[in-house]
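Text of the file final.txt, holding compact mmCIF, C-alpha atoms:
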# COMPACT_ATOMS: atom_id res chain seq x y z
CA MET A 1 8.89 -0.64 -25.29
CA LYS A 2 8.78 -3.54 -22.81
CA ALA A 3 5.89 -4.10 -20.42
CA TYR A 4 5.26 -6.68 -17.70
CA GLN A 5 1.71 -7.77 -18.41
CA PHE A 6 -0.94 -9.94 -16.81
CA VAL A 7 -2.09 -12.05 -19.76
CA GLU A 8 -3.84 -15.15 -18.40
CA LEU A 9 -5.56 -15.98 -15.11
CA GLN A 10 -3.53 -18.08 -12.65
CA LYS A 11 -0.40 -17.74 -14.78
CA PRO A 12 2.72 -15.63 -14.15
CA ALA A 13 2.76 -12.26 -15.88
CA GLU A 14 4.81 -11.95 -19.06
CA LEU A 15 7.39 -9.49 -20.36
CA ARG A 16 6.05 -8.32 -23.73
CA GLU A 17 6.85 -5.80 -26.45
CA VAL A 18 4.15 -3.13 -26.78
CA GLU A 19 3.89 0.27 -28.41
CA VAL A 20 4.73 3.41 -26.46
CA PRO A 21 1.33 4.93 -25.57
CA GLU A 22 0.36 8.39 -26.76
CA PRO A 23 -1.29 10.70 -24.21
CA GLY A 24 -4.71 11.95 -25.26
CA PRO A 25 -6.40 15.22 -24.24
CA GLY A 26 -5.77 15.97 -20.58
CA GLU A 27 -3.53 12.90 -20.18
CA VAL A 28 0.16 12.69 -19.28
CA LEU A 29 2.84 10.26 -20.41
CA ILE A 30 5.14 9.28 -17.54
CA LYS A 31 8.61 7.79 -17.90
CA ILE A 32 8.63 5.28 -15.07
CA GLY A 33 11.40 5.39 -12.48
CA GLY A 34 9.94 2.81 -10.11
CA ALA A 35 6.86 0.61 -9.84
CA GLY A 36 6.25 -1.23 -6.58
CA ALA A 37 5.41 -4.94 -6.48
CA CYS A 38 2.50 -5.40 -4.08
CA HIS A 39 0.73 -8.37 -2.48
CA SER A 40 -2.43 -7.10 -4.18
CA ASP A 41 -0.83 -8.07 -7.48
CA LEU A 42 -0.38 -11.63 -6.24
CA HIS A 43 -4.07 -11.79 -5.34
CA ILE A 44 -4.90 -10.67 -8.88
CA LEU A 45 -2.47 -13.10 -10.54
CA GLU A 46 -3.89 -15.95 -8.46
CA ALA A 47 -7.54 -14.98 -9.03
CA PRO A 48 -9.80 -17.99 -9.76
CA ALA A 49 -10.79 -18.93 -13.28
CA GLY A 50 -13.71 -16.90 -14.54
CA THR A 51 -12.76 -13.71 -12.67
CA PRO A 52 -13.83 -10.81 -14.94
CA LEU A 53 -10.61 -8.93 -15.67
CA PRO A 54 -9.85 -6.92 -18.84
CA LEU A 55 -6.77 -8.91 -19.88
CA PRO A 56 -4.10 -8.21 -20.89
CA PHE A 57 -2.93 -5.21 -18.91
CA THR A 58 0.38 -3.98 -17.50
CA LEU A 59 0.89 -4.47 -13.77
CA GLY A 60 2.14 -1.79 -11.38
CA HIS A 61 -0.13 0.44 -9.27
CA GLU A 62 2.63 2.05 -7.13
CA ASN A 63 4.31 4.40 -9.58
CA ALA A 64 6.71 7.31 -9.73
CA GLY A 65 8.78 8.79 -12.51
CA TRP A 66 9.20 11.85 -14.70
CA VAL A 67 6.80 13.70 -16.98
CA GLU A 68 7.64 12.69 -20.55
CA LYS A 69 4.84 14.30 -22.56
CA LEU A 70 1.69 16.31 -21.87
CA GLY A 71 -1.50 15.68 -23.83
CA SER A 72 -3.44 18.66 -25.16
CA GLY A 73 -5.02 20.64 -22.34
CA ALA A 74 -2.90 19.04 -19.60
CA THR A 75 -1.35 21.76 -17.42
CA GLY A 76 0.46 22.24 -14.14
CA PHE A 77 3.56 20.17 -14.92
CA ALA A 78 6.49 20.39 -17.31
CA VAL A 79 8.46 17.75 -19.17
CA GLY A 80 11.11 16.32 -16.86
CA ASP A 81 9.28 17.02 -13.60
CA PRO A 82 9.66 14.19 -11.05
CA VAL A 83 6.21 13.04 -10.00
CA ILE A 84 4.43 10.40 -7.98
CA VAL A 85 1.19 8.89 -9.28
CA TYR A 86 -1.88 8.67 -7.04
CA GLY A 87 -3.27 5.17 -7.53
CA PRO A 88 -7.07 5.08 -7.03
CA TRP A 89 -8.49 6.67 -10.17
CA GLY A 90 -12.08 7.69 -9.51
CA CYS A 91 -14.65 9.51 -11.61
CA GLY A 92 -13.56 12.95 -10.42
CA SER A 93 -17.13 14.20 -10.18
CA CYS A 94 -18.84 12.57 -7.20
CA ALA A 95 -18.85 14.10 -3.70
CA ASN A 96 -15.98 11.94 -2.46
CA CYS A 97 -13.77 12.54 -5.50
CA ARG A 98 -14.38 16.29 -5.23
CA VAL A 99 -12.58 16.33 -1.86
CA GLY A 100 -9.73 14.08 -3.02
CA MET A 101 -11.12 10.78 -1.69
CA GLU A 102 -11.04 9.02 -5.05
CA ASN A 103 -10.30 5.82 -3.14
CA TYR A 104 -13.98 5.95 -2.15
CA CYS A 105 -15.38 7.02 -5.53
CA GLN A 106 -19.15 6.65 -5.59
CA ASN A 107 -19.04 5.65 -9.28
CA PRO A 108 -16.31 2.98 -9.23
CA GLY A 109 -17.44 1.44 -12.50
CA GLN A 110 -16.40 4.54 -14.43
CA SER A 111 -12.66 4.03 -14.04
CA LYS A 112 -10.06 1.46 -13.05
CA PRO A 113 -6.65 2.23 -11.49
CA GLY A 114 -3.51 1.77 -13.54
CA GLY A 115 -2.07 -1.65 -12.79
CA LEU A 116 -5.40 -2.94 -11.47
CA GLY A 117 -7.47 -3.24 -14.63
CA ARG A 118 -5.75 -0.87 -17.03
CA ASP A 119 -2.09 -0.42 -17.95
CA GLY A 120 0.12 0.43 -14.98
CA GLY A 121 3.75 1.31 -14.43
CA MET A 122 5.75 -1.90 -14.97
CA ALA A 123 6.80 -0.62 -18.37
CA ASN A 124 9.10 2.07 -19.72
CA TYR A 125 6.15 4.45 -19.96
CA MET A 126 2.57 4.71 -18.73
CA VAL A 127 -0.30 7.09 -19.43
CA VAL A 128 -1.98 8.82 -16.48
CA PRO A 129 -5.51 10.05 -17.33
CA SER A 130 -5.32 13.40 -15.53
CA THR A 131 -2.84 15.73 -13.87
CA ARG A 132 -4.98 15.58 -10.73
CA PHE A 133 -3.38 12.16 -10.12
CA LEU A 134 0.16 13.59 -10.15
CA LEU A 135 2.02 15.08 -7.18
CA PRO A 136 5.44 16.74 -7.28
CA LEU A 137 8.18 14.59 -5.78
CA GLY A 138 10.53 17.39 -4.81
CA THR A 139 13.90 15.95 -3.80
CA LEU A 140 12.75 12.32 -3.63
CA ASP A 141 14.07 9.69 -6.06
CA PRO A 142 11.19 8.09 -8.03
CA ARG A 143 12.87 4.68 -7.71
CA GLU A 144 12.71 4.92 -3.93
CA ALA A 145 9.45 6.85 -3.68
CA ALA A 146 7.11 4.60 -5.70
CA PRO A 147 5.86 2.57 -2.68
CA LEU A 148 4.73 5.78 -0.98
CA THR A 149 1.67 5.66 -3.24
CA ASP A 150 0.26 2.49 -1.66
CA ALA A 151 2.35 0.87 1.08
CA ALA A 152 2.85 4.22 2.80
CA LEU A 153 -0.47 5.84 1.86
CA THR A 154 -2.54 2.82 2.91
CA SER A 155 -0.74 2.64 6.26
CA TYR A 156 -1.01 6.40 6.77
CA HIS A 157 -4.75 6.43 6.11
CA ALA A 158 -5.28 3.46 8.44
CA VAL A 159 -3.40 5.17 11.26
CA LYS A 160 -4.78 8.67 10.76
CA ARG A 161 -8.43 7.59 11.12
CA SER A 162 -7.61 6.45 14.68
CA ILE A 163 -5.18 9.18 15.71
CA GLN A 164 -7.58 10.51 18.38
CA LEU A 165 -7.08 7.25 20.32
CA LEU A 166 -3.30 7.47 20.46
CA GLY A 167 -2.44 9.87 23.24
CA PRO A 168 -0.10 9.34 26.21
CA GLY A 169 -0.50 5.90 27.75
CA SER A 170 -2.06 4.41 24.63
CA THR A 171 -0.91 1.33 22.72
CA ALA A 172 -1.01 0.47 19.02
CA VAL A 173 -0.32 -3.07 17.83
CA VAL A 174 0.82 -3.73 14.25
CA ILE A 175 0.22 -7.36 13.24
CA GLY A 176 2.55 -8.17 10.34
CA ALA A 177 5.90 -6.39 10.00
CA GLY A 178 6.36 -6.66 6.25
CA GLY A 179 6.30 -3.71 3.86
CA LEU A 180 2.93 -2.33 5.02
CA GLY A 181 3.65 -2.98 8.68
CA GLN A 182 7.04 -1.30 8.50
CA MET A 183 5.42 1.82 7.11
CA ALA A 184 2.66 1.71 9.73
CA ILE A 185 5.26 1.61 12.53
CA GLN A 186 7.00 4.70 11.15
CA VAL A 187 3.72 6.55 10.60
CA LEU A 188 2.63 5.77 14.15
CA LYS A 189 5.89 7.18 15.53
CA ALA A 190 5.60 10.26 13.30
CA LEU A 191 1.96 11.05 14.13
CA SER A 192 1.61 9.77 17.70
CA ALA A 193 4.98 9.72 19.40
CA ALA A 194 3.34 9.33 22.82
CA ALA A 195 1.83 5.93 21.98
CA THR A 196 3.58 2.62 22.65
CA VAL A 197 3.98 0.81 19.31
CA VAL A 198 4.04 -2.99 19.38
CA ALA A 199 5.04 -5.02 16.30
CA MET A 200 4.03 -8.64 15.90
CA ASP A 201 5.24 -11.16 13.29
CA THR A 202 6.31 -14.78 12.87
CA SER A 203 9.65 -13.67 11.38
CA LEU A 204 12.46 -12.74 13.77
CA THR A 205 14.21 -10.89 10.94
CA LYS A 206 11.19 -8.70 10.30
CA LEU A 207 10.84 -8.03 14.01
CA GLU A 208 14.48 -6.91 14.14
CA THR A 209 13.71 -4.51 11.29
CA ALA A 210 10.58 -3.31 13.10
CA LYS A 211 12.65 -2.50 16.17
CA LYS A 212 15.11 -0.48 14.09
CA LEU A 213 12.20 1.44 12.53
CA GLY A 214 10.86 2.52 15.92
CA ALA A 215 8.72 -0.24 17.41
CA ASP A 216 8.85 0.00 21.21
CA GLU A 217 8.06 -3.70 21.70
CA VAL A 218 8.27 -6.70 19.37
CA ILE A 219 6.38 -9.97 19.85
CA VAL A 220 6.66 -13.28 18.02
CA SER A 221 3.18 -14.32 16.91
CA GLY A 222 2.08 -17.45 18.72
CA ALA A 223 0.40 -18.85 21.78
CA ASP A 224 1.88 -16.28 24.15
CA ALA A 225 1.32 -13.20 21.99
CA VAL A 226 -2.11 -12.28 23.36
CA GLN A 227 -0.92 -12.44 26.96
CA ARG A 228 2.15 -10.36 26.11
CA VAL A 229 -0.09 -7.59 24.77
CA LYS A 230 -2.32 -7.84 27.85
CA ASP A 231 0.77 -7.49 30.05
CA ILE A 232 2.02 -4.45 28.11
CA THR A 233 -1.40 -2.78 28.34
CA ARG A 234 -2.03 -3.71 32.00
CA GLY A 235 -4.85 -6.00 31.00
CA GLN A 236 -6.74 -3.38 28.98
CA GLY A 237 -5.85 -4.40 25.42
CA ALA A 238 -4.65 -2.16 22.59
CA ASN A 239 -6.30 1.13 21.68
CA LEU A 240 -5.58 0.39 18.03
CA VAL A 241 -4.93 -2.96 16.37
CA LEU A 242 -3.75 -2.80 12.76
CA ASP A 243 -3.96 -6.21 11.09
CA MET A 244 -1.71 -5.91 8.04
CA VAL A 245 -2.22 -9.61 7.18
CA GLY A 246 -5.93 -10.36 7.42
CA VAL A 247 -5.88 -14.17 7.73
CA PRO A 248 -8.08 -16.01 10.26
CA PRO A 249 -5.39 -16.47 12.97
CA THR A 250 -4.36 -12.79 12.91
CA LEU A 251 -7.96 -11.59 12.94
CA GLU A 252 -8.76 -13.86 15.87
CA MET A 253 -5.78 -12.43 17.73
CA ALA A 254 -6.82 -8.88 16.84
CA ALA A 255 -10.22 -9.47 18.46
CA GLN A 256 -8.61 -10.96 21.57
CA ILE A 257 -6.30 -7.98 22.11
CA SER A 258 -8.92 -5.32 21.33
CA ARG A 259 -9.82 -2.72 23.94
CA VAL A 260 -13.11 -1.22 25.04
CA LEU A 261 -13.80 1.80 22.79
CA GLY A 262 -10.76 0.89 20.69
CA HIS A 263 -10.32 0.27 16.96
CA VAL A 264 -9.55 -2.93 15.06
CA THR A 265 -8.49 -2.02 11.53
CA ILE A 266 -8.18 -4.71 8.85
CA VAL A 267 -5.65 -3.65 6.23
CA GLY A 268 -4.33 -6.99 4.92
CA LEU A 269 -6.07 -8.81 2.07
CA GLY A 270 -5.57 -12.29 3.50
CA GLY A 271 -9.20 -13.19 2.95
CA GLY A 272 -10.06 -14.04 6.55
CA ALA A 273 -13.27 -13.05 8.32
CA LEU A 274 -13.62 -11.54 11.78
CA PRO A 275 -16.64 -12.83 13.73
CA VAL A 276 -18.36 -9.92 15.46
CA ASN A 277 -20.83 -10.55 18.24
CA PHE A 278 -21.81 -9.16 21.64
CA HIS A 279 -18.72 -10.59 23.35
CA SER A 280 -16.01 -10.02 20.73
CA PRO A 281 -14.25 -7.76 19.92
CA ALA A 282 -14.28 -5.68 23.13
CA LYS A 283 -17.32 -3.56 23.97
CA GLU A 284 -17.92 -0.68 21.55
CA CYS A 285 -14.74 -1.46 19.65
CA SER A 286 -14.94 -0.22 16.08
CA VAL A 287 -14.00 -2.63 13.28
CA ALA A 288 -13.12 -1.13 9.91
CA SER A 289 -11.45 -2.11 6.65
CA PRO A 290 -10.10 1.09 5.06
CA TYR A 291 -8.99 1.20 1.43
CA TRP A 292 -5.90 3.05 0.19
CA GLY A 293 -6.01 6.80 1.01
CA SER A 294 -6.92 10.25 -0.33
CA ILE A 295 -4.98 12.65 -2.53
CA PRO A 296 -4.47 15.15 0.36
CA GLU A 297 -3.16 12.27 2.48
CA LEU A 298 -0.65 11.32 -0.22
CA MET A 299 0.57 14.93 -0.15
CA GLU A 300 1.12 14.55 3.60
CA VAL A 301 2.93 11.22 3.06
CA VAL A 302 5.30 12.81 0.54
CA SER A 303 5.98 15.64 3.01
CA LEU A 304 6.84 13.10 5.74
CA ALA A 305 9.17 11.28 3.36
CA GLU A 306 10.89 14.50 2.28
CA ALA A 307 11.42 15.36 5.94
CA GLY A 308 13.03 11.94 6.50
CA LYS A 309 10.37 10.87 9.01
CA ILE A 310 9.33 7.79 6.99
CA LYS A 311 11.35 5.68 4.58
CA MET A 312 10.48 2.52 2.70
CA LEU A 313 13.09 -0.23 2.62
CA VAL A 314 13.40 -0.83 -1.13
CA GLU A 315 14.94 -3.67 -3.12
CA GLN A 316 15.23 -2.74 -6.79
CA PHE A 317 14.76 -5.14 -9.72
CA PRO A 318 15.09 -4.47 -13.46
CA LEU A 319 12.01 -5.20 -15.54
CA GLU A 320 13.57 -8.46 -16.77
CA ARG A 321 13.63 -9.77 -13.17
CA ALA A 322 10.01 -8.94 -12.33
CA ASN A 323 9.01 -12.62 -12.12
CA GLU A 324 11.83 -13.18 -9.63
CA ALA A 325 10.66 -10.22 -7.54
CA TYR A 326 7.11 -11.59 -7.35
CA GLN A 327 8.34 -15.06 -6.44
CA LEU A 328 10.42 -13.62 -3.60
CA LEU A 329 7.39 -11.59 -2.51
CA HIS A 330 5.23 -14.73 -2.59
CA ASP A 331 7.81 -16.59 -0.48
CA GLY A 332 8.03 -13.78 2.10
CA LYS A 333 11.66 -13.03 1.27
CA ILE A 334 11.33 -9.31 0.53
CA GLN A 335 12.16 -7.35 3.69
CA GLY A 336 10.52 -4.10 2.60
CA ARG A 337 9.18 -3.45 -0.89
CA ALA A 338 10.31 -4.81 -4.24
CA VAL A 339 10.43 -2.02 -6.81
CA ILE A 340 10.67 -2.66 -10.56
CA THR A 341 12.85 -0.09 -12.35
CA PRO A 342 11.99 -0.26 -16.08
CA ASN A 343 14.41 2.50 -17.09
CA GLY A 344 17.37 1.51 -14.90
Can you give me the file's structure in the form of structure tokens?
Amino acid sequence: MKAYQFVELQKPAELREVEVPEPGPGEVLIKIGGAGACHSDLHILEAPAGTPLPLPFTLGHENAGWVEKLGSGATGFAVGDPVIVYGPWGCGSCANCRVGMENYCQNPGQSKPGGLGRDGGMANYMVVPSTRFLLPLGTLDPREAAPLTDAALTSYHAVKRSIQLLGPGSTAVVIGAGGLGQMAIQVLKALSAAATVVAMDTSLTKLETAKKLGADEVIVSGADAVQRVKDITRGQGANLVLDMVGVPPTLEMAAQISRVLGHVTIVGLGGGALPVNFHSPAKECSVASPYWGSIPELMEVVSLAEAGKIKMLVEQFPLERANEAYQLLHDGKIQGRAVITPNG
């Protein structure tokens, strides 16, 4: 079979011929329908020399497809079932894993997620180590649903932790209206319809998309952006600021538009740092950097998608065009999420 593999640091991934994996005890072989291309992959591909990564491995940590084969002892699914793959693979035994929060596994050295250290879904088939990482997809198409496992789940988790702040009269600002931001806007409208949702980006095209997806206000990032938010919030600042970018200018802006007793949530992996002192962000404003989401939350995300309340804008690419997809992603030319479709 063909697999799109990360072979050498600071080099593009390569399309290679590899053997079809065989599922071991408790494991499941998945025929991949779609594997999302994520900015996290770019950070891995561009990692500095000397970064300890177990190369080579197949990329793709946002995966959905169909059960192809069950290893001995694996139960709960049948061959042909459409499934989505939960991405953060924890130990399964610690207190956090026991309640489905494998994204916060207390023994992270025991396992690595598929596509982020072990073989992921940018191949015809991938092995998932346990059925606990599989969720039924119901009526959803795996080619369209793959980004639910990260882009949607990460946004959902980031919003849900602050839902108590988003009642009538509240404001949530989403900085960055790319794939993650687009999902965050929809999740905000689905979970907190009473809140005013403000989208901010440098791209007018992305802001137009944000408006179509439910943003109440859109703002071009720049010198006037902070004042615009202050005007919208009557000088109070936003109850929730979601920075989906995470570079120094966006983090600085997030601090400036924060509200007393509000939340600033850093989702983007831009590598910036947010100075925190007595005067900034606003008094008693919580700053957090959540990671991915839990298995129960992914179940809720799938339910929202099945109900048509959230939908990822997907651009599909065959496996042979994976390099092109990542280049477009790097250049900011993907409007939603690029999804690699190894099996057509």
Build an axis-aligned box that encloses every atom of region 284-300 of chain A listed in the file, pad it by 4 Å on each side, and report its centre and edge lengths in Å to one decimal, as JSON.
{"center_x": -8.4, "center_y": 6.3, "center_z": 9.5, "size_x": 27.0, "size_y": 25.8, "size_z": 32.1}
Practice item. In Å, rounded to a single decimal, give me how far CA of Cys285 (chain A) is from CA of Val260 (chain A). Key: 5.6 Å
Practice item. Can you work out the spacing between CA of Leu180 (chain A) and CA of Glu252 (chain A) in Å, to one decimal? Key: 19.7 Å
Practice item. Name the closest residue to Leu148 (chain A) among the candidates A:Val302, A:Leu53, A:Ile266, A:Leu70; distances are taken between atoms, counting only C-alpha atoms. Key: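 Looking only at the distances to Leu148 (chain A), the closest residue turns out to be A:Val302.
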Revision key, fill the gap. re CA of Leu213 (chain A) and CA of Pro318 (chain A): distance 26.8 Å
Exercise for review: Do a neighbour search on His330 (chain A) at 10 Å with only C-alpha atoms, toss out local chain neighbours closer than 5 positions, and write the hits as an MDAnalysis selection string.
Suggested key: chainID A and resid 38:39 42 324:325
Next, write the just-selected residues to a file, as a CSV table (one decimal), keeping the file's coordinate frame, keeping C-alpha atoms as the atom set.
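Written file, part-v7.csv:
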chain,number,residue,atom,x,y,z
A,38,CYS,CA,2.5,-5.4,-4.1
A,39,HIS,CA,0.7,-8.4,-2.5
A,42,LEU,CA,-0.4,-11.6,-6.2
A,324,GLU,CA,11.8,-13.2,-9.6
A,325,ALA,CA,10.7,-10.2,-7.5
